[in-house]
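Asker: There's a structure below that I have some questions on.
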Amino acid sequence: MSGLKLTVFISVVSCVLALVIGVVAALSRLSNNKVPRYIATGYVEFFRNTPLLVQLYIYYKGLTNIGINLEPIVCGILALTLYTGAYITEIVRAGIQSIAREQFEAANALGLSAFQTMKLIILPQAIRIIIPPLGSQFINLTKNSSLVSFITVTDVFYVVYNGAVDDFRFLEYFIVGCLIYMCLTGIIAMFVNVFEYYLRIPGRT
Amino acid sequence: MHWEDIINNFWFLMGGLWMTIKLASVAIAGSMLVGVVFGIARHTKFPVISWIATAYIEFVRSIPLILFIVFVHYGFLPNLLKIQTNFFLSSAVALIIFTAAYIAEIVRGGLKSIERGHIEAARSIGLNYFQMMTYVVLPLGLSRMTPALVSQFIALIKDTSLASVIGLIELTRAGEIVYGRTFHEFEILLFIVMVYFIICYSLSLLSRKLEYNTKHRPREAPSELKLSA
């Protein structure tokens, strides 16, 4: 159970941080200024195309090696945040780009500033498109959080795996592990559905 | 900085890379096969078959891959099926079970996007179900699924790094062995990350090119927005 608490804690913290990073990076990817655009693109491409496990090892072992010591749990949150943030960036970017050009032009014609356009016109529409893939990203995040057990964080997978090794009862522990993760992902999916329901446009199904 | 470690152990690391590539190819081929079967099964109108496929897909998609790898290796193959296993076999089986569920969803999405007219036309010229699938529906659907499939394959290549956990000496594990001996984790890990990046990034450029080629089709939601994860 303490493992479950840790998994939930890591997932929730990285989830919030990844969302922040994702929105910021998506807006910089779409900006007209070259510098933030290139930085954000580089960030997304790099973190989406390298394995999470190796990223974790870099923070945990590599950084220690060059003299930067981080707590294992901080490494875990850092890695999950940056990794998921890259995916969320792409989701948010795609959501904003899926809004028709005319909306931007209309907002511009009404005299709204770029910030007002985003806040009042684009994001309210984009968020309804973004939510389902965002939810599946959060589910992935929760699943990926099982990897932090390899940098000695005692999360659900760590507890299940060590229990299985100690008692040599792999099937039973496997079923327990499956049930826990299914519950976690089921709860996230439920939240996403409820959220989607509250944000629905009245009169549309 | 001790970059000479990479040069000294270059061929050992490349051996690891070769194992990664082998594992990824076997897993891609296997998961394509299983995935297409389950995708079609979920798409059919026969209730029992589609329920089984749905249950499989939903079950696998809600569980971390690492759980599969570890338990296929230590529990499922040796204890339940009484099969003598090795690292390669178990990681390949686990990756196939896992990725097949995602591919099944992609295939189902592709099949759903086929217009009714094509199916009716195929039926009316007298093709049976199997012929219709192989000659009409799958070729049409597969070309639409390519970008999503390629990004799933990229995910699979990244996921092969998890096979290092049970001891298969692929790229990540080879790196671990090298820095276990030389104690220069940072340089080796950076090198490994770059190798993964080069492979996956070139694949993703390829998939973008494929996507670009299908741009003239009617506008649809970008692939990032489809519920494929």
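By convention in this document, the chains of the structure tokens carry letters A, B, ... by their order, each chain's residues are numbered from 1, and ligands are numbered from 1 in the order they are shown.
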Assign secondary structure with DSSP using the backbone only, and return the residues of segment 9-203 of chain A in alpha helix (DSSP H) as a VMD selection string.
Answerer: chain A and resid 9 to 30 34 to 48 52 to 57 63 to 65 72 to 97 101 to 109 114 to 116 123 to 144 156 to 167 170 to 199
Asker: Contacts from chain A to chain B, 7 Å maximum, only C-alpha atoms: show me the residue list as number ranges by chain.
Answerer: A: 46, 49-51, 53-54, 58, 61-63, 65-66, 90-91, 94, 132-133, 136-137, 143-144, 146, 170-171, 174, 178, 181-182, 185
Asker: Could you take the residues named above and write them with N, CA and C atoms, as a short mmCIF file (atom, residue, chain, number, x, y, z; two decimals), in the first residue's frame?
Answerer:
```cif
data_model
loop_
_atom_site.label_atom_id
_atom_site.label_comp_id
_atom_site.auth_asym_id
_atom_site.auth_seq_id
_atom_site.Cartn_x
_atom_site.Cartn_y
_atom_site.Cartn_z
N PHE A 46 13.75 15.28 -29.10
CA PHE A 46 14.71 14.50 -28.34
C PHE A 46 14.01 13.59 -27.34
N ASN A 49 11.96 10.62 -28.75
CA ASN A 49 12.65 9.59 -29.51
C ASN A 49 13.73 8.86 -28.73
N THR A 50 13.71 9.00 -27.41
CA THR A 50 14.67 8.22 -26.62
C THR A 50 13.90 7.48 -25.53
N PRO A 51 14.38 6.28 -25.15
CA PRO A 51 13.64 5.49 -24.18
C PRO A 51 13.64 6.12 -22.79
N LEU A 53 13.59 4.66 -19.97
CA LEU A 53 14.49 3.98 -19.02
C LEU A 53 15.89 4.58 -19.07
N VAL A 54 16.36 4.84 -20.30
CA VAL A 54 17.70 5.41 -20.43
C VAL A 54 17.73 6.84 -19.90
N ILE A 58 20.10 8.26 -16.96
CA ILE A 58 20.95 9.45 -17.09
C ILE A 58 20.81 10.34 -15.88
N LYS A 61 22.07 7.86 -12.65
CA LYS A 61 23.47 7.44 -12.59
C LYS A 61 24.39 8.45 -13.26
N GLY A 62 23.98 8.94 -14.43
CA GLY A 62 24.85 9.82 -15.21
C GLY A 62 25.15 11.11 -14.49
N LEU A 63 24.10 11.74 -13.94
CA LEU A 63 24.32 13.03 -13.29
C LEU A 63 25.13 12.87 -12.01
N ASN A 65 27.40 10.81 -11.67
CA ASN A 65 28.74 10.60 -12.17
C ASN A 65 29.49 11.89 -12.43
N ILE A 66 28.76 12.93 -12.88
CA ILE A 66 29.45 14.20 -13.11
C ILE A 66 29.20 15.17 -11.95
N GLU A 90 2.99 17.98 -28.08
CA GLU A 90 2.49 17.67 -29.41
C GLU A 90 0.97 17.63 -29.43
N ILE A 91 0.36 17.13 -28.36
CA ILE A 91 -1.11 17.06 -28.31
C ILE A 91 -1.69 18.47 -28.30
N ALA A 94 -1.20 20.16 -31.66
CA ALA A 94 -2.14 19.66 -32.66
C ALA A 94 -3.54 20.18 -32.39
N PRO A 132 -9.42 13.98 -24.62
CA PRO A 132 -9.25 12.52 -24.71
C PRO A 132 -7.81 12.06 -24.89
N PRO A 133 -7.03 12.62 -25.85
CA PRO A 133 -5.63 12.17 -25.94
C PRO A 133 -4.81 12.52 -24.71
N SER A 136 -5.30 9.81 -22.26
CA SER A 136 -4.54 8.58 -22.52
C SER A 136 -3.05 8.81 -22.24
N GLN A 137 -2.59 10.07 -22.36
CA GLN A 137 -1.21 10.36 -21.97
C GLN A 137 -1.02 10.19 -20.46
N LYS A 143 1.40 4.32 -16.13
CA LYS A 143 2.03 3.04 -16.44
C LYS A 143 3.55 3.18 -16.45
N ASN A 144 4.02 4.29 -17.06
CA ASN A 144 5.47 4.47 -17.13
C ASN A 144 6.09 4.69 -15.77
N SER A 146 5.96 2.96 -13.40
CA SER A 146 6.48 1.70 -12.86
C SER A 146 7.99 1.59 -13.08
N PHE A 170 4.82 -16.02 -8.72
CA PHE A 170 4.76 -14.97 -9.73
C PHE A 170 3.35 -14.70 -10.20
N LEU A 171 2.56 -15.75 -10.38
CA LEU A 171 1.23 -15.56 -10.95
C LEU A 171 0.36 -14.71 -10.03
N PHE A 174 1.49 -11.21 -10.00
CA PHE A 174 1.20 -10.61 -11.31
C PHE A 174 -0.25 -10.14 -11.35
N CYS A 178 -1.56 -6.39 -11.81
CA CYS A 178 -2.47 -6.04 -12.90
C CYS A 178 -3.69 -5.32 -12.35
N TYR A 181 -2.91 -1.70 -11.27
CA TYR A 181 -2.74 -0.77 -12.38
C TYR A 181 -4.03 -0.56 -13.15
N MET A 182 -4.85 -1.63 -13.26
CA MET A 182 -6.13 -1.47 -13.96
C MET A 182 -7.03 -0.50 -13.20
N THR A 185 -5.63 3.09 -13.82
CA THR A 185 -5.94 3.63 -15.15
C THR A 185 -7.43 3.81 -15.31
#
```
Asker: I'd like the contact shell of Phe88 of chain B - 7 Å cut-off, only C-alpha atoms, skipping same-chain residues fewer than 3 positions apart - returned as number ranges by chain.
Answerer: B: 91-92, 168
Asker: Restrict the selected residues to C-alpha atoms and save them as a PDB file, in the first residue's frame.
Answerer:
```
ATOM      1  CA  SER B  91      11.174 -10.278 -24.116  1.00  0.00           C
ATOM      2  CA  ALA B  92       9.941 -10.924 -27.639  1.00  0.00           C
ATOM      3  CA  LEU B 168      18.995  -9.505 -22.317  1.00  0.00           C
TER       4      LEU B 168
END
```
Asker: Mind pulling up the distance from atom CA of Gln55 of chain A to atom CA of Tyr83 of chain A?
Answerer: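 Separation of atom CA of Tyr83 of chain A and atom CA of Gln55 of chain A: 8.5 Å.
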Asker: Need to verify the contact set: Ile96 of chain A, 9 Å, only C-alpha atoms, exclusion of same-chain residues closer than 4 positions in sequence. Can you return it as an mmCIF file with C-alpha atoms, in the first residue's frame?
Answerer:
```cif
data_model
loop_
_atom_site.group_PDB
_atom_site.id
_atom_site.type_symbol
_atom_site.label_atom_id
_atom_site.label_comp_id
_atom_site.auth_asym_id
_atom_site.auth_seq_id
_atom_site.Cartn_x
_atom_site.Cartn_y
_atom_site.Cartn_z
ATOM 1 C CA ALA A 26 3.350 24.011 -27.353
ATOM 2 C CA LEU A 27 2.859 27.777 -27.347
ATOM 3 C CA LEU A 30 3.739 27.818 -32.437
ATOM 4 C CA ILE A 91 -1.107 17.064 -28.307
ATOM 5 C CA VAL A 92 -1.645 20.686 -27.328
ATOM 6 C CA ALA A 100 -9.591 26.782 -38.167
ATOM 7 C CA ILE A 122 -8.569 29.320 -29.153
ATOM 8 C CA LEU A 123 -7.938 27.507 -25.868
ATOM 9 C CA GLN A 125 -12.166 25.309 -28.219
ATOM 10 C CA ALA A 126 -8.903 23.424 -28.242
ATOM 11 C CA ILE A 127 -9.331 22.018 -24.753
ATOM 12 C CA ILE A 129 -10.345 18.366 -28.553
ATOM 13 C CA ILE A 130 -7.308 17.870 -26.379
#
```
Asker: Any idea what's packed within 7 Å of segment 148-152 of chain A, counting only C-alpha atoms, ignoring anything in its chain fewer than 2 positions away? Could you give it as a ChimeraX atom specification?
Answerer: /A:60,72,76,145-146,154-155,157-158
Asker: Quick one: which segment 50-138 of chain B residues come within 12 Å of segment 6-23 of chain B, and what is the nearest atom pair for each with the distance in Å to one decimal, counting only C-alpha atoms, rows ordered by chain and ascending number, as a Markdown table?
Answerer:
```
| residue | atom | partner | partner_atom | distance |
| --- | --- | --- | --- | --- |
| B:Phe87 | CA | B:Leu23 | CA | 10.4 |
| B:Phe88 | CA | B:Leu23 | CA | 7.1 |
| B:Leu89 | CA | B:Leu23 | CA | 9.0 |
| B:Ser90 | CA | B:Leu23 | CA | 10.5 |
| B:Ser91 | CA | B:Leu23 | CA | 7.9 |
| B:Ala92 | CA | B:Leu23 | CA | 6.3 |
| B:Val93 | CA | B:Leu23 | CA | 10.1 |
| B:Ala94 | CA | B:Leu23 | CA | 11.1 |
| B:Leu95 | CA | B:Leu23 | CA | 9.0 |
| B:Ile96 | CA | B:Leu23 | CA | 10.3 |
```
Asker: Restrict the selected residues to N, CA and C atoms and save them as a PDB file, in the first residue's frame.
Answerer:
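Output file again_9.pdb is given in full below:
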```
ATOM      1  N   PHE B  87      16.239 -15.126 -22.476  1.00  0.00           N
ATOM      2  CA  PHE B  87      15.926 -13.708 -22.383  1.00  0.00           C
ATOM      3  C   PHE B  87      15.256 -13.201 -23.648  1.00  0.00           C
ATOM      4  N   PHE B  88      15.798 -13.654 -24.794  1.00  0.00           N
ATOM      5  CA  PHE B  88      15.283 -13.128 -26.054  1.00  0.00           C
ATOM      6  C   PHE B  88      13.838 -13.542 -26.258  1.00  0.00           C
ATOM      7  N   LEU B  89      13.568 -14.839 -26.032  1.00  0.00           N
ATOM      8  CA  LEU B  89      12.208 -15.346 -26.252  1.00  0.00           C
ATOM      9  C   LEU B  89      11.214 -14.617 -25.364  1.00  0.00           C
ATOM     10  N   SER B  90      11.531 -14.502 -24.052  1.00  0.00           N
ATOM     11  CA  SER B  90      10.539 -13.876 -23.171  1.00  0.00           C
ATOM     12  C   SER B  90      10.333 -12.416 -23.511  1.00  0.00           C
ATOM     13  N   SER B  91      11.418 -11.688 -23.812  1.00  0.00           N
ATOM     14  CA  SER B  91      11.174 -10.278 -24.116  1.00  0.00           C
ATOM     15  C   SER B  91      10.395 -10.140 -25.407  1.00  0.00           C
ATOM     16  N   ALA B  92      10.690 -11.008 -26.389  1.00  0.00           N
ATOM     17  CA  ALA B  92       9.941 -10.924 -27.639  1.00  0.00           C
ATOM     18  C   ALA B  92       8.465 -11.221 -27.399  1.00  0.00           C
ATOM     19  N   VAL B  93       8.175 -12.270 -26.623  1.00  0.00           N
ATOM     20  CA  VAL B  93       6.777 -12.615 -26.359  1.00  0.00           C
ATOM     21  C   VAL B  93       6.067 -11.461 -25.653  1.00  0.00           C
ATOM     22  N   ALA B  94       6.724 -10.904 -24.613  1.00  0.00           N
ATOM     23  CA  ALA B  94       6.096  -9.819 -23.857  1.00  0.00           C
ATOM     24  C   ALA B  94       5.851  -8.601 -24.747  1.00  0.00           C
ATOM     25  N   LEU B  95       6.839  -8.260 -25.570  1.00  0.00           N
ATOM     26  CA  LEU B  95       6.673  -7.098 -26.448  1.00  0.00           C
ATOM     27  C   LEU B  95       5.559  -7.335 -27.448  1.00  0.00           C
ATOM     28  N   ILE B  96       5.455  -8.585 -27.948  1.00  0.00           N
ATOM     29  CA  ILE B  96       4.410  -8.883 -28.925  1.00  0.00           C
ATOM     30  C   ILE B  96       3.037  -8.764 -28.265  1.00  0.00           C
TER      31      ILE B  96
END
```
Asker: What lies within 12 Å of Gly109 of chain B using only C-alpha atoms, ignoring chain neighbours under 5 positions off, as an MDAnalysis selection string?
Answerer: chainID B and resid 36 39:40 42:43 102:104 114 138 141:142 144:146 148:149 223 226:228
Asker: For the atom pair atom CA of Ile28 of chain B and atom CA of Phe153 of chain B, what is the interatomic distance in Å to one decimal place?
Answerer: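 Straight-line distance from atom CA of Ile28 of chain B to atom CA of Phe153 of chain B works out to 6.8 Å.
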